[in-house]
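target.csv, holding CSV, C-alpha atoms and all ligand atoms:
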```
chain,number,residue,atom,x,y,z
A,46,MET,CA,106.4,103.9,92.0
A,47,SER,CA,104.1,103.5,95.0
A,48,LEU,CA,100.7,105.0,95.0
A,49,LEU,CA,101.1,106.4,98.5
A,50,SER,CA,104.5,106.9,100.1
A,51,LEU,CA,105.3,108.4,103.5
A,52,THR,CA,109.0,109.0,104.3
A,53,ASN,CA,110.1,109.9,107.8
A,54,VAL,CA,106.9,111.8,108.5
A,55,ALA,CA,106.3,113.9,111.7
A,56,THR,CA,103.4,115.9,112.9
A,57,ARG,CA,101.9,117.4,116.0
A,58,TYR,CA,98.6,118.5,117.6
A,59,GLY,CA,99.5,122.1,118.6
A,60,ALA,CA,102.5,121.9,120.8
A,61,SER,CA,102.2,118.1,121.3
A,62,GLN,CA,104.2,116.0,118.8
A,63,ALA,CA,102.4,112.8,118.0
A,64,LEU,CA,104.3,111.4,115.0
A,65,PHE,CA,108.1,111.3,114.9
A,66,ASP,CA,109.2,109.1,112.1
A,67,VAL,CA,106.5,107.3,110.1
A,68,SER,CA,107.4,105.7,106.8
A,69,LEU,CA,105.1,103.4,104.8
A,70,THR,CA,104.1,102.7,101.2
A,71,VAL,CA,100.9,101.4,99.5
A,72,ASN,CA,101.2,100.2,96.0
A,73,ALA,CA,98.4,100.0,93.4
A,74,GLY,CA,96.2,97.0,94.0
A,75,GLU,CA,97.7,96.3,97.4
A,76,VAL,CA,96.0,96.1,100.9
A,77,VAL,CA,98.2,97.3,103.7
A,78,ALA,CA,97.4,97.0,107.4
A,79,LEU,CA,98.5,99.9,109.7
A,80,MET,CA,98.9,98.4,113.1
A,81,GLY,CA,100.0,99.2,116.6
A,82,ARG,CA,98.7,99.4,120.2
A,83,ASN,CA,96.3,102.1,121.3
A,84,GLY,CA,97.6,105.6,121.1
A,85,MET,CA,100.6,104.7,118.9
A,86,GLY,CA,99.7,107.0,116.0
A,87,LYS,CA,97.5,105.1,113.5
A,88,THR,CA,94.7,107.7,113.4
A,89,THR,CA,97.2,110.5,113.4
A,90,THR,CA,99.0,109.0,110.5
A,91,ILE,CA,95.7,108.8,108.5
A,92,LYS,CA,94.9,112.4,109.4
A,93,THR,CA,98.4,113.4,108.2
A,94,ILE,CA,98.0,111.5,104.9
A,95,CYS,CA,94.6,113.3,104.4
A,96,LYS,CA,96.2,116.6,105.4
A,97,MET,CA,93.9,117.2,108.3
A,98,LEU,CA,97.2,117.6,110.2
A,99,PRO,CA,100.3,119.3,108.7
A,100,VAL,CA,103.4,117.5,107.6
A,101,LEU,CA,106.0,118.9,110.1
A,102,SER,CA,108.9,117.1,108.5
A,103,GLY,CA,109.3,114.2,106.0
A,104,THR,CA,107.3,113.8,102.9
A,105,VAL,CA,103.9,112.4,101.8
A,106,HIS,CA,103.6,111.6,98.1
A,107,PHE,CA,100.3,110.4,96.5
A,108,ALA,CA,99.9,109.5,92.9
A,109,GLY,CA,103.2,111.1,92.0
A,110,GLN,CA,102.4,114.4,93.8
A,111,ASP,CA,104.0,115.8,96.9
A,112,LEU,CA,101.1,116.6,99.3
A,113,SER,CA,103.1,118.9,101.6
A,114,ASN,CA,101.4,122.0,100.5
A,115,GLU,CA,98.1,120.6,99.4
A,116,PRO,CA,95.0,121.3,101.5
A,117,SER,CA,92.8,118.4,102.5
A,118,HIS,CA,90.0,119.1,100.0
A,119,ARG,CA,92.5,118.9,97.2
A,120,VAL,CA,93.9,115.6,98.5
A,121,ALA,CA,90.4,114.1,98.4
A,122,ARG,CA,90.1,115.2,94.8
A,123,LEU,CA,93.4,113.5,93.9
A,124,GLY,CA,91.7,110.2,94.7
A,125,MET,CA,91.8,109.4,98.4
A,126,GLY,CA,88.6,108.0,99.9
A,127,LEU,CA,88.5,108.1,103.7
A,128,VAL,CA,86.2,106.1,105.9
A,129,PRO,CA,86.9,107.8,109.2
A,130,GLU,CA,86.8,106.4,112.7
A,131,GLY,CA,83.2,106.9,113.9
A,132,ARG,CA,81.8,106.8,110.3
A,133,ARG,CA,80.5,110.4,110.2
A,134,CYS,CA,77.6,109.9,107.8
A,135,PHE,CA,75.3,113.0,107.3
A,136,PRO,CA,72.5,112.0,109.8
A,137,ASN,CA,69.9,114.4,108.3
A,138,LEU,CA,70.3,113.0,104.8
A,139,SER,CA,68.8,109.8,103.5
A,140,VAL,CA,71.1,106.8,102.6
A,141,HIS,CA,70.7,107.6,98.9
A,142,GLU,CA,71.5,111.3,99.5
A,143,ASN,CA,74.6,110.5,101.5
A,144,LEU,CA,75.9,108.4,98.6
A,145,VAL,CA,74.9,111.0,95.9
A,146,ALA,CA,76.4,113.9,97.8
A,147,ALA,CA,79.9,112.3,97.5
A,148,ALA,CA,79.7,111.1,93.9
A,149,ARG,CA,82.4,111.8,91.4
A,150,PRO,CA,82.6,110.3,87.9
A,151,GLY,CA,84.1,106.8,87.6
A,152,GLN,CA,83.2,103.1,87.8
A,153,TRP,CA,81.5,103.4,91.2
A,154,SER,CA,77.8,104.2,90.9
A,155,ILE,CA,74.8,103.8,93.2
A,156,ASN,CA,74.2,100.4,91.5
A,157,ALA,CA,77.7,99.2,92.1
A,158,VAL,CA,77.5,100.2,95.8
A,159,HIS,CA,74.1,98.5,96.1
A,160,GLN,CA,75.7,95.3,94.7
A,161,LEU,CA,78.4,95.4,97.3
A,162,PHE,CA,76.0,96.3,100.1
A,163,PRO,CA,72.5,95.2,99.3
A,164,LYS,CA,71.3,96.5,102.7
A,165,LEU,CA,71.9,100.0,101.5
A,166,GLU,CA,69.5,99.5,98.6
A,167,GLU,CA,66.8,98.3,101.1
A,168,ARG,CA,67.4,101.4,103.2
A,169,ALA,CA,67.9,103.9,100.4
A,170,GLY,CA,65.0,106.2,101.4
A,171,GLN,CA,65.7,106.1,105.2
A,172,SER,CA,67.4,108.7,107.2
A,173,ALA,CA,71.1,107.8,107.8
A,174,SER,CA,70.4,108.5,111.5
A,175,LEU,CA,68.2,105.4,111.7
A,176,LEU,CA,70.8,102.9,110.5
A,177,SER,CA,72.5,100.4,112.7
A,178,GLY,CA,76.2,100.7,113.3
A,179,GLY,CA,77.0,98.1,110.7
A,180,GLU,CA,74.8,99.8,108.1
A,181,GLN,CA,76.4,103.1,108.9
A,182,GLN,CA,79.8,101.6,108.3
A,183,MET,CA,78.5,100.2,105.0
A,184,LEU,CA,77.2,103.7,104.1
A,185,ALA,CA,80.6,105.2,105.0
A,186,ILE,CA,82.4,102.8,102.8
A,187,GLY,CA,79.9,103.2,100.0
A,188,ARG,CA,80.2,107.0,100.3
A,189,ALA,CA,84.0,106.8,100.0
A,190,LEU,CA,83.7,104.5,97.0
A,191,MET,CA,81.3,107.0,95.3
A,192,THR,CA,84.2,109.4,95.2
A,193,ASN,CA,85.9,106.8,92.9
A,194,PRO,CA,89.1,106.8,94.8
A,195,ARG,CA,92.4,105.3,93.8
A,196,LEU,CA,93.1,104.6,97.5
A,197,LEU,CA,90.5,103.7,100.1
A,198,ILE,CA,91.5,104.4,103.7
A,199,LEU,CA,89.6,102.7,106.5
A,200,ASP,CA,90.2,103.8,110.1
A,201,GLU,CA,88.9,101.1,112.6
A,202,ALA,CA,87.1,99.3,109.9
A,203,THR,CA,84.9,97.1,112.2
A,204,GLU,CA,85.1,98.9,115.6
A,205,GLY,CA,82.1,98.5,117.8
A,206,LEU,CA,80.2,96.2,115.4
A,207,ALA,CA,78.6,92.8,116.1
A,208,PRO,CA,80.6,89.7,115.0
A,209,LEU,CA,78.3,88.9,112.0
A,210,VAL,CA,78.4,92.5,110.7
A,211,ARG,CA,82.1,92.6,111.1
A,212,GLN,CA,82.3,89.5,108.9
A,213,GLU,CA,80.2,91.3,106.3
A,214,ILE,CA,82.6,94.2,106.3
A,215,TRP,CA,85.6,91.9,105.9
A,216,THR,CA,83.9,90.0,103.1
A,217,ALA,CA,83.3,93.3,101.3
A,218,ILE,CA,86.9,94.4,101.7
A,219,ALA,CA,88.1,91.1,100.4
A,220,GLN,CA,85.7,91.4,97.5
A,221,LEU,CA,87.0,94.9,96.7
A,222,LYS,CA,90.5,93.6,96.7
A,223,ARG,CA,89.7,90.6,94.5
A,224,GLU,CA,87.3,92.2,92.0
A,225,THR,CA,88.5,95.8,91.7
A,226,GLY,CA,92.1,95.8,92.7
A,227,LEU,CA,91.6,99.0,94.7
A,228,ALA,CA,94.5,100.0,96.9
A,229,ILE,CA,93.4,99.9,100.6
A,230,LEU,CA,95.1,101.1,103.8
A,231,VAL,CA,93.2,99.7,106.8
A,232,VAL,CA,93.4,100.0,110.5
A,233,ASP,CA,91.6,97.6,112.8
A,234,LYS,CA,92.0,95.6,116.0
A,235,SER,CA,91.0,92.2,114.5
A,236,LEU,CA,94.5,90.8,113.9
A,237,LYS,CA,93.2,87.6,112.3
A,238,GLU,CA,90.9,89.2,109.7
A,239,LEU,CA,93.4,91.9,109.0
A,240,SER,CA,96.2,89.4,108.4
A,241,GLN,CA,93.9,87.4,106.0
A,242,VAL,CA,93.0,90.4,103.8
A,243,ALA,CA,96.2,92.5,103.9
A,244,ASP,CA,99.3,91.8,101.7
A,245,ARG,CA,101.6,93.8,104.0
A,246,ALA,CA,101.6,95.3,107.5
A,247,VAL,CA,103.2,98.4,109.0
A,248,MET,CA,103.6,98.5,112.7
A,249,LEU,CA,103.8,101.8,114.7
A,250,GLU,CA,105.1,102.4,118.1
A,251,ARG,CA,105.1,105.9,119.8
A,252,GLY,CA,104.7,107.7,116.5
A,253,CYS,CA,107.5,105.7,114.6
A,254,THR,CA,107.4,102.9,112.1
A,255,VAL,CA,109.1,100.0,113.9
A,256,TRP,CA,108.3,97.1,111.6
A,257,ALA,CA,107.1,96.6,108.0
A,258,GLY,CA,106.7,93.4,106.1
A,259,LYS,CA,104.4,90.9,104.5
A,260,THR,CA,101.5,89.7,106.7
A,261,ASP,CA,102.8,86.1,106.5
A,262,GLN,CA,105.9,87.4,108.3
A,263,LEU,CA,103.8,88.5,111.2
A,264,ASP,CA,105.0,85.9,113.7
A,265,ASP,CA,104.4,85.5,117.4
A,266,ASP,CA,107.5,87.5,118.3
A,267,VAL,CA,106.5,90.5,116.2
A,268,ILE,CA,102.9,90.4,117.4
A,269,THR,CA,103.9,90.1,121.1
A,270,GLN,CA,106.5,92.8,120.8
A,271,TYR,CA,104.4,95.4,119.0
A,272,LEU,CA,100.8,94.5,119.7
A,273,GLY,CA,101.2,93.0,123.1
A,274,VAL,CA,98.9,90.0,122.4
A,301,LIG,P1,93.8,104.1,118.9
A,301,LIG,O1,94.0,102.7,118.5
A,301,LIG,O2,93.5,104.2,120.4
A,301,LIG,O3,92.8,104.8,118.1
A,301,LIG,P2,96.0,105.3,117.5
A,301,LIG,O4,97.1,104.4,117.2
A,301,LIG,O5,95.1,105.6,116.4
A,301,LIG,O6,95.2,104.8,118.8
A,301,LIG,P3,96.3,108.2,117.8
A,301,LIG,O7,94.9,108.4,118.0
A,301,LIG,O8,96.9,108.5,116.4
A,301,LIG,O9,96.6,106.7,118.1
A,301,LIG,O10,97.1,108.9,118.9
A,301,LIG,C1,98.6,109.1,118.8
A,301,LIG,C2,99.0,110.1,119.9
A,301,LIG,O11,98.5,111.3,119.7
A,301,LIG,C3,98.5,109.7,121.3
A,301,LIG,O12,99.5,110.0,122.2
A,301,LIG,C4,97.3,110.6,121.5
A,301,LIG,O13,97.2,110.8,122.9
A,301,LIG,C5,97.7,111.8,120.8
A,301,LIG,N1,96.5,112.5,120.2
A,301,LIG,C6,95.5,112.0,119.5
A,301,LIG,N2,94.6,112.9,119.2
A,301,LIG,C7,95.0,114.1,119.8
A,301,LIG,C8,94.5,115.4,119.9
A,301,LIG,N3,93.4,115.8,119.2
A,301,LIG,N4,95.2,116.3,120.5
A,301,LIG,C9,96.4,116.0,121.2
A,301,LIG,N5,96.9,114.8,121.1
A,301,LIG,C10,96.3,113.8,120.5
```
Would you kindly transcribe this structure into structure tokens?
Ligand code: ATP
Amino acid sequence: MSLLSLTNVATRYGASQALFDVSLTVNAGEVVALMGRNGMGKTTTIKTICKMLPVLSGTVHFAGQDLSNEPSHRVARLGMGLVPEGRRCFPNLSVHENLVAAARPGQWSINAVHQLFPKLEERAGQSASLLSGGEQQMLAIGRALMTNPRLLILDEATEGLAPLVRQEIWTAIAQLKRETGLAILVVDKSLKELSQVADRAVMLERGCTVWAGKTDQLDDDVITQYLGV
């Protein structure tokens, strides 16, 4: 059984429907890329998975549970670690405090996060507001890992970061996959890096799943048709 499974999911922002028919699965130990052009519904899908938006129709199952009636704080406790678009670290807390604030028991500890991102150890006592964009993204990932999730969800994993820092984030994601077997659902615009790290991809268009397959099946036709590149 899949760790995460969306079947024919629809949702809306108030009166405006944004998802119509999204289906996807993420299995344990798998990295899945959620793709599509701007405005096609990637962030909305993530918000629906995390129950920040209601499931209008269809179903969302996570770890064997139907999430339809679960509030978002319960969903987080079931083992979903979200790295949201825009990072959203607590700016008035130190790097260390940001990590500790999220902690739940499990294999991920401050030491393990410092090993993955040594820069966070160097900056431990600093206010999160003083971090560079790349360091903030490392902190956001570290904070999500401190919840000891079964599934890590990254929305725009490397958006707005300098090329070298982006590479550091991709290296960390590959390391997580290789060494911990954590299930990961990731959105990003860097097709090359995404295809290298992800096992499978799901393509959205206007709030519907229009393609799903292994990343090595992402040929030029699929890429041109659904990503317009
Ligand atoms: P991007 O790559 O630009 O982040 P996306 O694929 O993540 O795009 P979404 O942000 O999920 O796309 O947007 C899907 C649709 O929902 C779009 O038509 C968008 O205009 C609409 N939408 C997004 N946020 C809201 C909101 N807060 N209120 C109303 N409509 C919204």
Surrounding residues of stretch 209-221 of chain A excluding itself and chain neighbours under 2 positions, 9 Å, only C-alpha atoms, as a count of residues only:
24
If you count all atoms listed in the file, which residues end up within 9 Å of ligand LIG 301 (chain A), as number ranges by chain?
A: 57-64, 79-92, 130, 200-201, 232-234, 249-252
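Using all atoms listed in the file, the smallest distance between any of A:Ser235, A:Asn143, A:Ser154, A:Thr192 and A:Gly170 comes from A:Asn143.
Among A:Ala146, A:Ser47, A:Arg122, A:Ala157, the residue with the shortest atom-to-atom distance to A:Val105, counting only C-alpha atoms, is A:Ser47.
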Contacts of A:Thr254 at 7 Å (all atoms listed in the file; same-chain gap of 4+ positions) as a list in words:
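Those residues are Asp66, Val67, Ser68, Val247, Met248, Leu249 and Glu250 of chain A.
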Dump C-alpha atoms of stretch 198-213 of chain A from the given block, as a tab-separated table (two decimals), in the first residue's frame.
```
chain	number	residue	atom	x	y	z
A	198	ILE	CA	7.19	17.49	1.22
A	199	LEU	CA	9.25	20.25	-0.41
A	200	ASP	CA	7.45	23.03	-2.29
A	201	GLU	CA	9.86	24.89	-4.61
A	202	ALA	CA	12.90	23.23	-3.08
A	203	THR	CA	15.49	25.59	-4.55
A	204	GLU	CA	13.50	28.61	-5.73
A	205	GLY	CA	15.40	31.91	-5.64
A	206	LEU	CA	18.69	30.36	-4.54
A	207	ALA	CA	22.13	30.86	-6.10
A	208	PRO	CA	23.38	27.95	-8.26
A	209	LEU	CA	25.95	26.69	-5.74
A	210	VAL	CA	23.43	26.69	-2.91
A	211	ARG	CA	20.87	24.94	-5.09
A	212	GLN	CA	23.42	22.23	-5.66
A	213	GLU	CA	23.90	21.87	-1.89
```
